[in-house]
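Enquirer: One file is attached below, input28.txt, containing compact mmCIF, C-alpha atoms.
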```
# COMPACT_ATOMS: atom_id res chain seq x y z
CA MET A 205 14.81 -8.68 12.36
CA SER A 206 11.78 -8.32 14.53
CA ASP A 207 10.47 -11.52 16.02
CA ILE A 208 6.88 -10.27 15.84
CA LYS A 209 4.83 -12.31 13.40
CA ILE A 210 3.93 -10.14 10.45
CA LYS A 211 0.34 -10.67 9.33
CA ASN A 212 -0.46 -10.88 5.65
CA ILE A 213 -3.12 -8.38 4.61
CA PHE A 214 -3.23 -9.19 0.92
CA VAL A 215 -6.04 -11.06 -0.82
CA ASN A 216 -5.96 -12.01 -4.49
CA GLY A 217 -8.82 -10.30 -6.29
CA LYS A 218 -11.98 -9.03 -4.62
CA ILE A 219 -12.80 -9.52 -0.96
CA GLU A 220 -15.84 -11.81 -0.89
CA SER A 221 -18.91 -10.82 1.11
CA GLY A 222 -18.93 -14.35 2.59
CA PHE A 223 -15.43 -13.82 3.95
CA ILE A 224 -16.55 -10.55 5.55
CA GLY A 225 -19.60 -12.25 7.07
CA GLU A 226 -17.50 -15.08 8.46
CA SER A 227 -15.04 -12.58 9.95
CA ILE A 228 -17.89 -10.93 11.82
CA ALA A 229 -19.28 -14.27 12.97
CA LYS A 230 -15.90 -15.35 14.39
CA HIS A 231 -16.10 -12.53 16.93
CA SER A 232 -19.21 -13.82 18.71
CA SER A 233 -17.00 -15.77 21.12
CA LYS A 234 -15.10 -12.62 22.13
CA THR A 235 -17.58 -11.40 24.69
CA THR A 236 -15.56 -8.44 25.97
CA ILE A 237 -16.28 -6.73 22.65
CA GLY A 238 -19.10 -4.18 22.70
CA GLY A 239 -18.62 -2.46 19.36
CA HIS A 240 -17.24 -3.18 15.91
CA SER A 241 -16.32 -0.57 13.35
CA ILE A 242 -15.98 -1.74 9.78
CA PHE A 243 -14.79 0.14 6.72
CA MET A 244 -15.05 -1.35 3.26
CA GLY A 245 -13.63 0.19 0.14
CA GLN A 246 -15.54 -0.54 -3.06
CA VAL A 247 -14.30 0.06 -6.61
CA ARG A 248 -16.31 2.95 -8.01
CA ARG A 249 -17.34 3.29 -11.66
CA ASP A 250 -15.63 6.64 -11.70
CA ASP A 251 -16.39 9.10 -14.48
CA GLN A 252 -13.10 10.58 -15.66
CA GLY A 253 -14.20 13.05 -18.28
CA GLY A 254 -16.60 10.69 -20.02
CA LYS A 255 -14.50 7.55 -19.59
CA PHE A 256 -15.69 5.10 -16.97
CA VAL A 257 -13.57 2.94 -14.71
CA TYR A 258 -14.51 -0.75 -14.89
CA ALA A 259 -11.78 -2.18 -12.66
CA ILE A 260 -8.75 -1.31 -10.58
CA GLU A 261 -5.63 -3.45 -10.71
CA PHE A 262 -3.70 -3.25 -7.46
CA THR A 263 0.00 -3.95 -7.06
CA ALA A 264 2.14 -3.53 -3.96
CA TYR A 265 5.69 -3.65 -2.72
CA GLU A 266 4.50 -6.44 -0.48
CA THR A 267 7.38 -6.86 1.96
CA LEU A 268 7.56 -3.13 2.64
CA ALA A 269 3.77 -2.82 2.87
CA LEU A 270 3.44 -5.66 5.38
CA GLU A 271 6.22 -4.29 7.57
CA LYS A 272 4.67 -0.84 7.53
CA MET A 273 1.20 -2.22 8.28
CA ASN A 274 2.68 -4.08 11.22
CA LEU A 275 4.09 -0.82 12.61
CA ILE A 276 0.78 0.99 12.08
CA ARG A 277 -1.01 -1.87 13.85
CA GLU A 278 1.33 -1.61 16.85
CA GLU A 279 0.88 2.16 17.04
CA ILE A 280 -2.90 1.85 16.84
CA PHE A 281 -2.95 -0.76 19.64
CA ASP A 282 -0.81 1.57 21.78
CA LYS A 283 -3.03 4.57 21.09
CA TYR A 284 -6.55 3.09 21.39
CA PRO A 285 -8.05 0.53 23.79
CA ILE A 286 -9.08 -1.84 21.01
CA ILE A 287 -9.46 -5.59 21.31
CA CYS A 288 -8.81 -6.69 17.76
CA LEU A 289 -8.01 -5.37 14.38
CA HIS A 290 -8.13 -6.98 10.95
CA VAL A 291 -7.05 -5.42 7.66
CA TYR A 292 -7.42 -6.95 4.19
CA HIS A 293 -6.47 -5.32 0.90
CA SER A 294 -6.90 -6.70 -2.60
CA LEU A 295 -4.12 -7.32 -5.09
CA GLY A 296 -4.76 -7.86 -8.78
CA VAL A 297 -7.90 -6.90 -10.66
CA VAL A 298 -11.05 -5.89 -8.76
CA ASN A 299 -14.12 -4.92 -10.81
CA THR A 300 -16.43 -2.01 -10.09
CA GLY A 301 -18.89 -2.79 -7.34
CA ASP A 302 -16.55 -5.25 -5.66
CA ILE A 303 -14.80 -4.77 -2.31
CA CYS A 304 -11.05 -4.07 -2.35
CA LEU A 305 -10.45 -3.02 1.27
CA PHE A 306 -11.84 -4.40 4.52
CA VAL A 307 -10.85 -2.89 7.86
CA PHE A 308 -12.47 -4.38 10.94
CA CYS A 309 -11.80 -2.93 14.37
CA SER A 310 -13.37 -4.05 17.65
CA ALA A 311 -13.36 -2.61 21.15
CA ALA A 312 -15.33 -2.70 24.38
CA HIS A 313 -17.00 0.59 23.41
CA ARG A 314 -17.86 2.32 20.16
CA THR A 315 -15.62 5.41 20.29
CA PRO A 316 -12.19 3.72 20.20
CA ALA A 317 -13.43 1.23 17.60
CA ILE A 318 -14.64 4.02 15.30
CA ASP A 319 -11.64 6.31 15.85
CA ALA A 320 -9.07 3.55 15.39
CA CYS A 321 -10.82 2.31 12.24
CA THR A 322 -10.83 5.81 10.73
CA GLU A 323 -7.16 6.38 11.55
CA ILE A 324 -6.11 3.04 10.05
CA VAL A 325 -7.94 3.72 6.78
CA GLU A 326 -6.36 7.17 6.48
CA ARG A 327 -2.89 5.90 7.31
CA LEU A 328 -2.93 2.87 5.04
CA LYS A 329 -3.96 5.02 2.08
CA THR A 330 -0.97 7.34 2.52
CA GLU A 331 1.66 5.06 4.06
CA LEU A 332 1.40 1.64 2.42
CA PRO A 333 3.25 1.12 -0.88
CA ILE A 334 0.23 -0.01 -2.86
CA TRP A 335 -0.75 1.30 -6.29
CA GLY A 336 -4.07 1.20 -8.12
CA LYS A 337 -4.27 1.21 -11.89
CA GLU A 338 -7.70 2.36 -13.04
CA ILE A 339 -8.74 0.43 -16.11
CA PHE A 340 -11.39 2.09 -18.26
CA GLU A 341 -14.14 0.49 -20.30
CA ASP A 342 -12.17 1.25 -23.50
CA ASP A 343 -9.16 -0.68 -22.07
CA SER A 344 -7.06 2.45 -21.59
CA HIS A 345 -5.78 3.10 -18.08
CA GLN A 346 -4.47 5.69 -15.68
CA TRP A 347 -2.78 5.41 -12.30
CA LYS A 348 -5.04 6.22 -9.40
CA GLU A 349 -4.13 9.12 -7.13
CA ASN A 350 -5.34 9.26 -3.56
CA ASN A 351 -6.93 12.45 -2.31
CA MET B 56 29.74 -0.99 -8.36
CA GLU B 57 26.22 -2.05 -9.26
CA ILE B 58 22.75 -1.79 -7.78
CA GLU B 59 19.52 -3.39 -8.87
CA ILE B 60 16.60 -1.11 -9.64
CA ILE B 61 12.97 -2.07 -9.30
CA SER B 62 10.00 0.23 -9.79
CA PHE B 63 6.28 0.33 -9.11
CA GLY B 64 3.06 1.92 -10.31
CA LYS B 65 3.32 4.44 -13.13
CA ILE B 66 7.12 4.38 -12.96
CA SER B 67 7.18 0.65 -13.74
CA GLU B 68 5.86 1.51 -17.21
CA PHE B 69 9.12 3.17 -18.22
CA ILE B 70 11.79 1.86 -15.84
CA PRO B 71 12.00 -1.94 -16.04
CA ARG B 72 13.92 -3.98 -13.47
CA GLN B 73 17.60 -3.61 -14.27
CA LYS B 74 21.10 -3.38 -12.86
CA ILE B 75 22.87 -0.06 -13.15
CA ASP B 76 26.46 0.91 -12.60
CA ILE B 77 26.79 3.44 -9.78
CA THR B 78 30.55 3.79 -9.61
CA GLY B 79 31.32 6.99 -7.71
CA ILE B 80 27.89 7.17 -6.07
CA SER B 81 27.92 6.58 -2.33
CA ASP B 82 24.60 7.88 -1.01
CA THR B 83 20.93 8.13 -1.91
CA ASP B 84 20.94 11.90 -2.53
CA THR B 85 23.60 11.49 -5.22
CA LEU B 86 21.79 8.44 -6.54
CA LYS B 87 18.62 10.54 -7.01
CA VAL B 88 20.53 13.04 -9.16
CA HIS B 89 21.94 10.14 -11.18
CA LEU B 90 18.53 8.49 -11.61
CA GLU B 91 16.89 11.73 -12.71
CA LYS B 92 19.56 12.12 -15.40
CA ALA B 93 19.20 8.52 -16.52
CA PHE B 94 15.38 8.58 -16.41
CA PRO B 95 14.29 12.20 -17.06
CA GLN B 96 10.57 11.31 -16.66
CA ILE B 97 10.97 10.94 -12.90
CA SER B 98 12.54 14.38 -12.44
CA THR B 99 9.10 16.01 -12.77
CA MET B 100 7.33 13.40 -10.62
CA LYS B 101 6.96 12.85 -6.91
CA TYR B 102 8.67 9.62 -5.92
CA LYS B 103 10.28 7.89 -2.97
CA LEU B 104 13.13 5.42 -2.81
CA ALA B 105 13.46 2.29 -0.74
CA LEU B 106 16.88 0.77 -0.15
CA ASN B 107 16.85 -2.98 0.57
CA GLU B 108 13.16 -2.82 1.49
CA LYS B 109 13.56 0.17 3.83
CA LEU B 110 11.97 3.47 2.94
CA VAL B 111 14.64 6.15 2.47
CA GLN B 112 13.74 9.13 4.65
CA ASN B 113 17.14 10.80 5.03
CA ASN B 114 20.24 10.62 2.89
CA THR B 115 21.56 7.07 3.30
CA LEU B 116 24.90 5.51 2.44
CA ILE B 117 25.01 2.96 -0.38
CA SER B 118 27.67 0.29 -0.42
CA GLY B 119 26.73 -1.47 -3.66
CA ASN B 120 24.69 -4.59 -4.44
CA GLU B 121 21.59 -3.03 -2.90
CA VAL B 122 18.11 -3.23 -4.36
CA VAL B 123 16.69 0.23 -4.85
CA ALA B 124 12.95 0.64 -5.37
CA ILE B 125 11.59 3.73 -7.10
CA MET B 126 8.03 4.37 -5.95
CA PRO B 127 5.46 6.96 -7.08
CA PRO B 128 2.88 8.28 -4.58
CA PHE B 129 0.89 5.45 -3.01
CA SER B 130 -2.71 4.92 -4.08
CA GLY B 131 -4.05 1.91 -2.24
CA GLY B 132 -7.35 1.57 -0.46
```
Translate this file's structure into structure tokens.
Expert:
Amino acid sequence: MSDIKIKNIFVNGKIESGFIGESIAKHSSKTTIGGHSIFMGQVRRDDQGGKFVYAIEFTAYETLALEKMNLIREEIFDKYPIICLHVYHSLGVVNTGDICLFVFCSAAHRTPAIDACTEIVERLKTELPIWGKEIFEDDSHQWKENN
Amino acid sequence: MEIEIISFGKISEFIPRQKIDITGISDTDTLKVHLEKAFPQISTMKYKLALNEKLVQNNTLISGNEVVAIMPPFSGG
């Protein structure tokens, strides 16, 4: 087993805007930072042939997901000169309009912050064992597929 | 010889957690053939296996008593 501490990324339910605000505020003491890049995923009221999504229920194979996220994090730190990186993903039901993913990447300059943030979002969508069940307003559901 | 099966996402709707007998099966490629016979719905789907919480990327030996996860394409984010 690796002795590196594996960070938890999972949050039950939606990611609160207050939590996001506090995360930003905590970085004011890190004065080597010159740029933050933030991506937030929001549950869309998707129109699927006349049926509208009202929530997504997320489940994950948590142990596998956290290990994989840890590897991605290490690779991103090796590849880009970033100072810090925070990733949060919802589990359970998140309603339309609420935030289900929060990726926050900081560096001395904007380019690595933006590039690292983009790469993390792309990689976590394809590499982390997380599944979204789209629940429609009529209570039927279908399993989300990532593009 | 037995393994425990767990499943996720869409696959969890028709393959509940269970133990299956895998006598005569010694690797993940053979296990896939066995699973697709036992659960025909997955034979037309994309899926990946994890063996004891490790993603299976190449054919891997099974010794018994493992936990095998059957996972459809990921859709987080």
Enquirer: In terms of the shortest atom-to-atom distance over all atoms listed in the file, which of A:Met244, A:Cys321, A:Met273, A:Ala312 is closest to chain B?
Expert: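 Selected residue with least distance to chain B: A:Met244.
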Enquirer: Would you compute the distance between CA of Ser118 (chain B) and CA of Thr85 (chain B)? Give it in Å to one decimal.
Expert: 12.8 Å
Enquirer: Any idea which chain B residues end up within 9 Å of chain A if we count only C-alpha atoms, as a list of chain:residue names please?
Expert: B:Phe63, B:Gly64, B:Lys65, B:Ala105, B:Glu108, B:Lys109, B:Leu110, B:Ala124, B:Met126, B:Pro127, B:Pro128, B:Phe129, B:Ser130, B:Gly131, B:Gly132
Enquirer: Counting all atoms listed in the file, which residue out of A:Asp302, A:Glu338, A:Asp319, A:Asp343 sits closest to Gly239 (chain A)?
Expert: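 Smallest separation from Gly239 (chain A) among the options: A:Asp319.
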Enquirer: Record the distance separating CA of Ile117 (chain B) and CA of Ile80 (chain B), expressed in Å with one decimal.
Expert: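 Between these atoms lies a distance of 7.6 Å.
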Enquirer: For CA of Tyr102 (chain B) and CA of Leu86 (chain B), determine how far apart the two atoms are, in Å to one decimal place.
Expert: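 Going from CA of Tyr102 (chain B) over to CA of Leu86 (chain B), I get 13.2 Å.
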Enquirer: Return as JSON the centre and edge lengths, in Å with one decimal, of the box along x, y and z that encloses every atom of region 234-244 of chain A in the file, padded by 8 Å per side.
Expert:
```
{"center_x": -16.9, "center_y": -6.2, "center_z": 14.6, "size_x": 20.3, "size_y": 28.8, "size_z": 38.7}
```
Enquirer: Tell me, as a PyMOL selection string, which residues lie within 12 Å of Ile77 (chain B), counting all atoms listed in the file; anything in the same chain fewer than 2 positions away does not count.
Expert: chain B and resi 56-60+74-75+79-83+85-90+93+117-121+123
Enquirer: Choose the residue, out of A:Ser241, A:Asn299, A:Phe340, A:Ile287, that has the smallest atom-to-atom separation from Glu323 (chain A); count all atoms listed in the file.
Expert: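 Nearest to Glu323 (chain A): A:Ser241.
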Enquirer: Which residue gives the smallest distance to Val257 (chain A) among A:Ile276, A:Ala320, A:Ile228, A:Val298, with all atoms listed in the file counted?
Expert: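 Nearest candidate to Val257 (chain A) out of A:Ile276, A:Ala320, A:Ile228, A:Val298: A:Val298.
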